[in-house]
Amino acid sequence: MGPCAPHTHCLPPQQYQRPRKGALVGMATSTMSSADSSSHSTLEDLSDAFSLALEHHEDSSSLGSDSEFNGVPPYRQTDRYGFIGGGSAQNAQVLPPLELLRRRESKWLDMTAHWDKTMARRYKKVKVLCRKGIPSSLRARCWPLLCGAQAIMDRNPGKYQELEEAPGTQQWLETIEKDIHRQFPFHEMFLSPEGHGQRGLLQLLKAYTVYRPQEGYCQAQGPIAAMLLMHMPAEQAFWCLVQISERYLPGYYSPEMEAVLLDGEVFMALLRRVCHRAYKHLQKHNVGPMLFVTEWFLCLFCRTLPFPTVLRIWDAFFSEGVKVLFRVGLVLVRLALGSGEKLQDCVGVVETLEKLRNIPPEQLQEDAFMAEVHDMAVSHRDLERQCQVKLKKLRKDWPNFGQRLGQRLPNAKAIFDEQQLEEVRCPGKGGQTASPFLIPEIVVDPPPREQRCLERERLKEQRQLEQEAKKQERKKKPPGRKKPDTRGKTFHMGQRPTSSLVQGHEEGEQPSHARRKSTPYLETYF
């Protein structure tokens with residue numbers, strides 16, 4: 001399995017130190033035996049353990065390198081993704097019908113041909129199609145457009161060639177060369193140390209250290225850059241890596257890696273709401289998020305899940321942003337620790353982490369798994385709210401905690417809007433013409449003070465006239481029928497027969513029809 005991070009957040013505040021990159025990208029497999037006592041150990045002890053694990057990983061992960069294979073013999077078969085042996089689950093994958101693939105390709109070709117118009121007016125359609133999966137033949141075209149790398153590359157022609165020709169720092173070059181052979185050693189592109197895959201990966205990572213010398217190189221960037229090189233040329237892969245590091249996951253690959261620590265705490269807060277049983281189990285056995293979330297998020301799951309599922313995750317990630325990573329992580333924890341039966345064998349830290357690493361492959365098939373991911377009720381607003389709460393808490397515990405909110409953008413639409421605003425401020429930068437689909441900057445000047453006073457007086461007079469008109473209408477309205485004044489008077493009600501009324505009339509007078517037909521009636525008088 002891929003790298004994992006030491007349990008830094010469980011240390012008391014006085015022992016907290018900013019995690020080193022080498023410690024955060026060590027292998028989790030060999031360090032789980034000492035994880036039960038991680039809350040009582042220092043960061044230096046964990047770093048030593050991870051260094052030993054890294055040495056072991058260098059020996060065990062060299063399979064597939066040039067020293068082991070000495071090239072690719074003709075009989076060595078590869079699957080449709082380029083992995084030698086084809087022993088992964090994608091061989092048994094049922095592909096969609098050819099007609100369906102052609103229709104999806106046609107839709108994506110139409111959208112990419114008018115990309116600015118599509119993103120400005122039909123982003124929801126783009127998001128739906130990304131959830132269904134981008135066709136493999138068009139990922140090299142769609143990923144740079146979604147993340148904004150294509151626009152940056154167009155505004156900076158020749159920039160990558162300059163960075164590639166720069167000498168670079170010797171310290172970073174030595175570190176990168178040690179890690180090159182670990183990146184997908186069973187992929188045909190990265191077999192030989194002198195092949196175009198490993199050489200291109202070395203140049204790409206070196207160019208990033210020249211482009212961002214204050215950040216340098218992080219080991220988790222290796223598999224991400226290798227994944228990008230599998231699908232596109234080096235220049236496009238470089239700008240995609242820049243966008244991932246600066247727009248989608250800012251602070252993840254910096255020397256302090258404080259953004260990873262913050263997102264680990266946010267992940268646990270969301271897990272408490274989504275799957276309380278798993279949350280209680282992790283709290284009971286003191287399994288912190290840095291023991292498993294670090295590997296998942298830093299490498300974008302490309303060293304954890306089956307390759308077809310990883311591709312679908314990246315399609316959604318470039319479209320919808322970091323919330324996809326949280327959704328995927330929550331689904332994985334729920335699949336591994338979501339029921340009482342699954343927790344019966346998890347009696348400690350080691351067993352729990354093994355359960356998280358060994359989820360049955362049939363539960364990770366791309367279509368069913370991504371359906372669960374998209375059904376997970378976690379929105380960008382939920383992430384922002386939890387980030388504010390956890391950031392306030394971390395700054396209270398560690399005053400020097402420097403991570404800030406608002407640095408990362410939520411999705412591809414926000415990146416597109418930001419680039420359009422930059423194009424308005426600096427039109428034609430880099431020798432490119434301004435885009436016809438621009439978001440204008442609307443500036444409304446406030447009215448002068450005298451005009452505001454006159455407007456206020458006018459509104460006041462208008463309200464007074466309306467009130468006087470209502471008073472006049474009430475005066476002109478005719479008074480209604482008044483009720484009889486009965487105060488101080490006695491109210492009598494009596495029953496008199498009809499015969500007495502008939503006798504009281506003069507002779508020859510006929511009683512009325514109503515009285516002639518009625519029986520004794522009630523008479524009211526004062």
# chains A, B, ... in the order shown; residues from 1 in each chain; ligands from 1

call {"tool": "select_by_dssp", "arguments": {"residues": "region 189-276 of chain A", "states": "helix (DSSP H, G or I)", "output": "number ranges by chain"}}
result
A: 189-190, 196-211, 221-229, 234-248, 258-274, 276

call {"tool": "closest_residue", "arguments": {"among": "A:Val260, A:Leu325, A:Leu311, A:Leu343", "to": "Lys284 (chain A)", "atoms": "only C-alpha atoms"}}
result
A:Leu343

call {"tool": "residues_around", "arguments": {"residues": "Leu249 (chain A)", "least_positions_apart": "6", "cutoff": "10 Å", "atoms": "only C-alpha atoms", "output": "PyMOL selection string"}}
result
chain A and resi 242-243+259-260+297-298+321-322+407-409

call {"tool": "atom_distance", "arguments": {"atom1": "CA of Gln198 (chain A)", "atom2": "CA of Thr304 (chain A)"}}
result
21.3 Å

call {"tool": "closest_atom_pairs", "arguments": {"of": "region 237-326 of chain A", "to": "region 138-155 of chain A", "cutoff": "12 Å", "atoms": "only C-alpha atoms", "output": "JSON lines"}}
result
{"residue": "A:Ala237", "atom": "CA", "partner": "A:Pro144", "partner_atom": "CA", "distance": 8.1}
{"residue": "A:Phe238", "atom": "CA", "partner": "A:Ala149", "partner_atom": "CA", "distance": 8.5}
{"residue": "A:Trp239", "atom": "CA", "partner": "A:Ala149", "partner_atom": "CA", "distance": 5.0}
{"residue": "A:Cys240", "atom": "CA", "partner": "A:Ala149", "partner_atom": "CA", "distance": 5.2}
{"residue": "A:Leu241", "atom": "CA", "partner": "A:Ala149", "partner_atom": "CA", "distance": 8.5}
{"residue": "A:Val242", "atom": "CA", "partner": "A:Ala149", "partner_atom": "CA", "distance": 7.8}
{"residue": "A:Gln243", "atom": "CA", "partner": "A:Cys147", "partner_atom": "CA", "distance": 6.4}
{"residue": "A:Ile244", "atom": "CA", "partner": "A:Cys147", "partner_atom": "CA", "distance": 7.7}
{"residue": "A:Ser245", "atom": "CA", "partner": "A:Cys147", "partner_atom": "CA", "distance": 11.0}
{"residue": "A:Glu246", "atom": "CA", "partner": "A:Cys147", "partner_atom": "CA", "distance": 10.7}
{"residue": "A:Arg247", "atom": "CA", "partner": "A:Cys147", "partner_atom": "CA", "distance": 8.4}
{"residue": "A:Tyr248", "atom": "CA", "partner": "A:Cys147", "partner_atom": "CA", "distance": 8.5}
{"residue": "A:Leu249", "atom": "CA", "partner": "A:Cys147", "partner_atom": "CA", "distance": 11.9}
{"residue": "A:Leu311", "atom": "CA", "partner": "A:Arg139", "partner_atom": "CA", "distance": 9.4}
{"residue": "A:Arg312", "atom": "CA", "partner": "A:Arg139", "partner_atom": "CA", "distance": 10.7}
{"residue": "A:Trp314", "atom": "CA", "partner": "A:Trp143", "partner_atom": "CA", "distance": 8.7}
{"residue": "A:Asp315", "atom": "CA", "partner": "A:Trp143", "partner_atom": "CA", "distance": 7.5}
{"residue": "A:Ala316", "atom": "CA", "partner": "A:Leu146", "partner_atom": "CA", "distance": 10.1}
{"residue": "A:Phe317", "atom": "CA", "partner": "A:Cys147", "partner_atom": "CA", "distance": 9.4}
{"residue": "A:Phe318", "atom": "CA", "partner": "A:Cys147", "partner_atom": "CA", "distance": 5.8}
{"residue": "A:Ser319", "atom": "CA", "partner": "A:Leu146", "partner_atom": "CA", "distance": 6.2}
{"residue": "A:Glu320", "atom": "CA", "partner": "A:Leu146", "partner_atom": "CA", "distance": 9.6}
{"residue": "A:Gly321", "atom": "CA", "partner": "A:Cys147", "partner_atom": "CA", "distance": 9.3}

call {"tool": "write_last_selection", "arguments": {"atoms": "N, CA and C atoms", "output": "mmCIF file, in the first residue's frame"}}
result
data_model
loop_
_atom_site.group_PDB
_atom_site.id
_atom_site.type_symbol
_atom_site.label_atom_id
_atom_site.label_comp_id
_atom_site.auth_asym_id
_atom_site.auth_seq_id
_atom_site.Cartn_x
_atom_site.Cartn_y
_atom_site.Cartn_z
ATOM 1 N N ALA A 237 0.605 17.888 -18.190
ATOM 2 C CA ALA A 237 0.648 17.243 -16.877
ATOM 3 C C ALA A 237 1.226 18.185 -15.822
ATOM 4 N N PHE A 238 2.229 18.974 -16.195
ATOM 5 C CA PHE A 238 2.831 19.903 -15.243
ATOM 6 C C PHE A 238 1.815 20.934 -14.781
ATOM 7 N N TRP A 239 1.082 21.562 -15.710
ATOM 8 C CA TRP A 239 0.134 22.587 -15.305
ATOM 9 C C TRP A 239 -1.056 21.984 -14.575
ATOM 10 N N CYS A 240 -1.416 20.751 -14.867
ATOM 11 C CA CYS A 240 -2.448 20.081 -14.056
ATOM 12 C C CYS A 240 -1.966 19.871 -12.630
ATOM 13 N N LEU A 241 -0.704 19.482 -12.469
ATOM 14 C CA LEU A 241 -0.142 19.327 -11.128
ATOM 15 C C LEU A 241 -0.127 20.656 -10.389
ATOM 16 N N VAL A 242 0.173 21.742 -11.095
ATOM 17 C CA VAL A 242 0.161 23.073 -10.474
ATOM 18 C C VAL A 242 -1.246 23.415 -9.993
ATOM 19 N N GLN A 243 -2.256 23.152 -10.811
ATOM 20 C CA GLN A 243 -3.620 23.468 -10.421
ATOM 21 C C GLN A 243 -4.086 22.614 -9.244
ATOM 22 N N ILE A 244 -3.724 21.351 -9.232
ATOM 23 C CA ILE A 244 -4.087 20.492 -8.093
ATOM 24 C C ILE A 244 -3.448 21.012 -6.812
ATOM 25 N N SER A 245 -2.188 21.419 -6.891
ATOM 26 C CA SER A 245 -1.461 21.841 -5.696
ATOM 27 C C SER A 245 -1.874 23.230 -5.216
ATOM 28 N N GLU A 246 -2.357 24.083 -6.125
ATOM 29 C CA GLU A 246 -2.624 25.470 -5.751
ATOM 30 C C GLU A 246 -4.106 25.811 -5.695
ATOM 31 N N ARG A 247 -4.954 25.126 -6.442
ATOM 32 C CA ARG A 247 -6.370 25.479 -6.496
ATOM 33 C C ARG A 247 -7.255 24.439 -5.812
ATOM 34 N N TYR A 248 -6.973 23.174 -6.017
ATOM 35 C CA TYR A 248 -7.797 22.133 -5.419
ATOM 36 C C TYR A 248 -7.340 21.773 -4.003
ATOM 37 N N LEU A 249 -6.026 21.631 -3.808
ATOM 38 C CA LEU A 249 -5.486 21.196 -2.516
ATOM 39 C C LEU A 249 -4.365 22.122 -2.059
ATOM 40 N N LEU A 311 -9.823 6.343 -11.826
ATOM 41 C CA LEU A 311 -10.094 7.233 -12.953
ATOM 42 C C LEU A 311 -11.440 7.928 -12.802
ATOM 43 N N ARG A 312 -12.444 7.195 -12.353
ATOM 44 C CA ARG A 312 -13.759 7.808 -12.149
ATOM 45 C C ARG A 312 -13.719 8.833 -11.019
ATOM 46 N N TRP A 314 -11.117 10.654 -10.204
ATOM 47 C CA TRP A 314 -10.433 11.845 -10.729
ATOM 48 C C TRP A 314 -11.356 12.631 -11.647
ATOM 49 N N ASP A 315 -12.193 11.958 -12.438
ATOM 50 C CA ASP A 315 -13.153 12.677 -13.284
ATOM 51 C C ASP A 315 -14.053 13.575 -12.440
ATOM 52 N N ALA A 316 -14.590 13.007 -11.354
ATOM 53 C CA ALA A 316 -15.462 13.792 -10.477
ATOM 54 C C ALA A 316 -14.673 14.832 -9.695
ATOM 55 N N PHE A 317 -13.439 14.518 -9.315
ATOM 56 C CA PHE A 317 -12.628 15.452 -8.535
ATOM 57 C C PHE A 317 -12.316 16.707 -9.331
ATOM 58 N N PHE A 318 -11.934 16.566 -10.590
ATOM 59 C CA PHE A 318 -11.648 17.744 -11.402
ATOM 60 C C PHE A 318 -12.886 18.587 -11.628
ATOM 61 N N SER A 319 -14.058 17.985 -11.550
ATOM 62 C CA SER A 319 -15.297 18.727 -11.771
ATOM 63 C C SER A 319 -15.831 19.354 -10.487
ATOM 64 N N GLU A 320 -15.852 18.602 -9.388
ATOM 65 C CA GLU A 320 -16.543 19.035 -8.175
ATOM 66 C C GLU A 320 -15.621 19.370 -7.017
ATOM 67 N N GLY A 321 -14.320 19.148 -7.156
ATOM 68 C CA GLY A 321 -13.404 19.608 -6.142
ATOM 69 C C GLY A 321 -13.177 18.639 -5.004
#

call {"tool": "closest_residue", "arguments": {"among": "A:His374, A:His285, A:His181, A:Lys471", "to": "Val347 (chain A)", "atoms": "only C-alpha atoms"}}
result
A:His285

call {"tool": "residues_around", "arguments": {"residues": "region 161-170 of chain A", "least_positions_apart": "3", "cutoff": "12 Å", "atoms": "only C-alpha atoms", "output": "VMD selection string"}}
result
chain A and resid 153 156 to 158 173 to 177 199 to 214 216 to 217 234 to 236 238 to 239

call {"tool": "atom_distance", "arguments": {"atom1": "CA of Ala414 (chain A)", "atom2": "CA of Lys132 (chain A)"}}
result
21.0 Å

call {"tool": "residues_around", "arguments": {"residues": "region 386-389 of chain A", "least_positions_apart": "4", "cutoff": "9 Å", "atoms": "only C-alpha atoms", "output": "list in words"}}
result
Leu262, Asp263, Glu265, Val266, Phe267, Ala269, Leu270, Arg381, Asp382, Lys393, Leu394 and Leu405 of chain A

call {"tool": "residues_around", "arguments": {"residues": "region 351-368 of chain A", "least_positions_apart": "2", "cutoff": "9 Å", "atoms": "only C-alpha atoms", "output": "ChimeraX atom specification"}}
result
/A:1,28-29,32,89-90,93,132,281-282,285,287,291-292,304-306,308-313,332-333,335-337,342-343,345-349,370-373

call {"tool": "write_last_selection", "arguments": {"atoms": "C-alpha atoms", "output": "PDB file, in the first residue's frame"}}
result
ATOM      1  CA  MET A   1       0.000   0.000   0.000  1.00  0.00           C
ATOM      2  CA  ALA A  28       1.593   2.457   7.033  1.00  0.00           C
ATOM      3  CA  THR A  29       1.946  -1.307   6.808  1.00  0.00           C
ATOM      4  CA  MET A  32       0.958  -0.300  12.595  1.00  0.00           C
ATOM      5  CA  ALA A  89      -9.862  -6.354 -11.406  1.00  0.00           C
ATOM      6  CA  GLN A  90     -10.266  -4.297 -14.556  1.00  0.00           C
ATOM      7  CA  GLN A  93     -14.795  -5.346 -16.032  1.00  0.00           C
ATOM      8  CA  LYS A 132     -20.882   9.187 -15.621  1.00  0.00           C
ATOM      9  CA  HIS A 281     -14.845   2.559  17.099  1.00  0.00           C
ATOM     10  CA  LEU A 282     -11.992   4.748  15.854  1.00  0.00           C
ATOM     11  CA  HIS A 285      -9.071   2.449  19.777  1.00  0.00           C
ATOM     12  CA  VAL A 287      -7.129   5.511  15.533  1.00  0.00           C
ATOM     13  CA  LEU A 291      -3.107   7.092   9.957  1.00  0.00           C
ATOM     14  CA  PHE A 292      -5.289   6.528   6.883  1.00  0.00           C
ATOM     15  CA  THR A 304      -5.408   2.618  -2.692  1.00  0.00           C
ATOM     16  CA  LEU A 305      -8.239   1.680  -5.045  1.00  0.00           C
ATOM     17  CA  PRO A 306      -8.545  -0.240  -8.346  1.00  0.00           C
ATOM     18  CA  PRO A 308     -10.741   2.073 -13.107  1.00  0.00           C
ATOM     19  CA  THR A 309     -12.307   3.373  -9.897  1.00  0.00           C
ATOM     20  CA  VAL A 310      -9.458   5.860  -9.475  1.00  0.00           C
ATOM     21  CA  LEU A 311     -10.094   7.233 -12.953  1.00  0.00           C
ATOM     22  CA  ARG A 312     -13.759   7.808 -12.149  1.00  0.00           C
ATOM     23  CA  ILE A 313     -12.802   9.506  -8.876  1.00  0.00           C
ATOM     24  CA  LEU A 332     -14.595   3.542   2.389  1.00  0.00           C
ATOM     25  CA  VAL A 333     -14.846   3.817   6.173  1.00  0.00           C
ATOM     26  CA  LEU A 335     -17.820  -0.129   3.886  1.00  0.00           C
ATOM     27  CA  ALA A 336     -15.034  -1.302   6.198  1.00  0.00           C
ATOM     28  CA  LEU A 337     -16.397  -0.427   9.664  1.00  0.00           C
ATOM     29  CA  LYS A 342     -17.335  -5.950  10.518  1.00  0.00           C
ATOM     30  CA  LEU A 343     -16.142  -4.658  13.884  1.00  0.00           C
ATOM     31  CA  ASP A 345     -12.492  -8.795  14.495  1.00  0.00           C
ATOM     32  CA  CYS A 346     -11.218  -5.219  14.968  1.00  0.00           C
ATOM     33  CA  VAL A 347      -9.844  -5.399  18.499  1.00  0.00           C
ATOM     34  CA  GLY A 348      -7.100  -2.810  18.090  1.00  0.00           C
ATOM     35  CA  VAL A 349      -5.348  -0.316  15.860  1.00  0.00           C
ATOM     36  CA  MET A 370     -19.293   5.820  -7.445  1.00  0.00           C
ATOM     37  CA  ALA A 371     -23.065   5.638  -7.054  1.00  0.00           C
ATOM     38  CA  GLU A 372     -22.544   5.443  -3.272  1.00  0.00           C
ATOM     39  CA  VAL A 373     -20.038   8.290  -3.436  1.00  0.00           C
TER      40      VAL A 373
END

call {"tool": "atom_distance", "arguments": {"atom1": "CA of Arg104 (chain A)", "atom2": "CA of Cys130 (chain A)"}}
result
10.5 Å
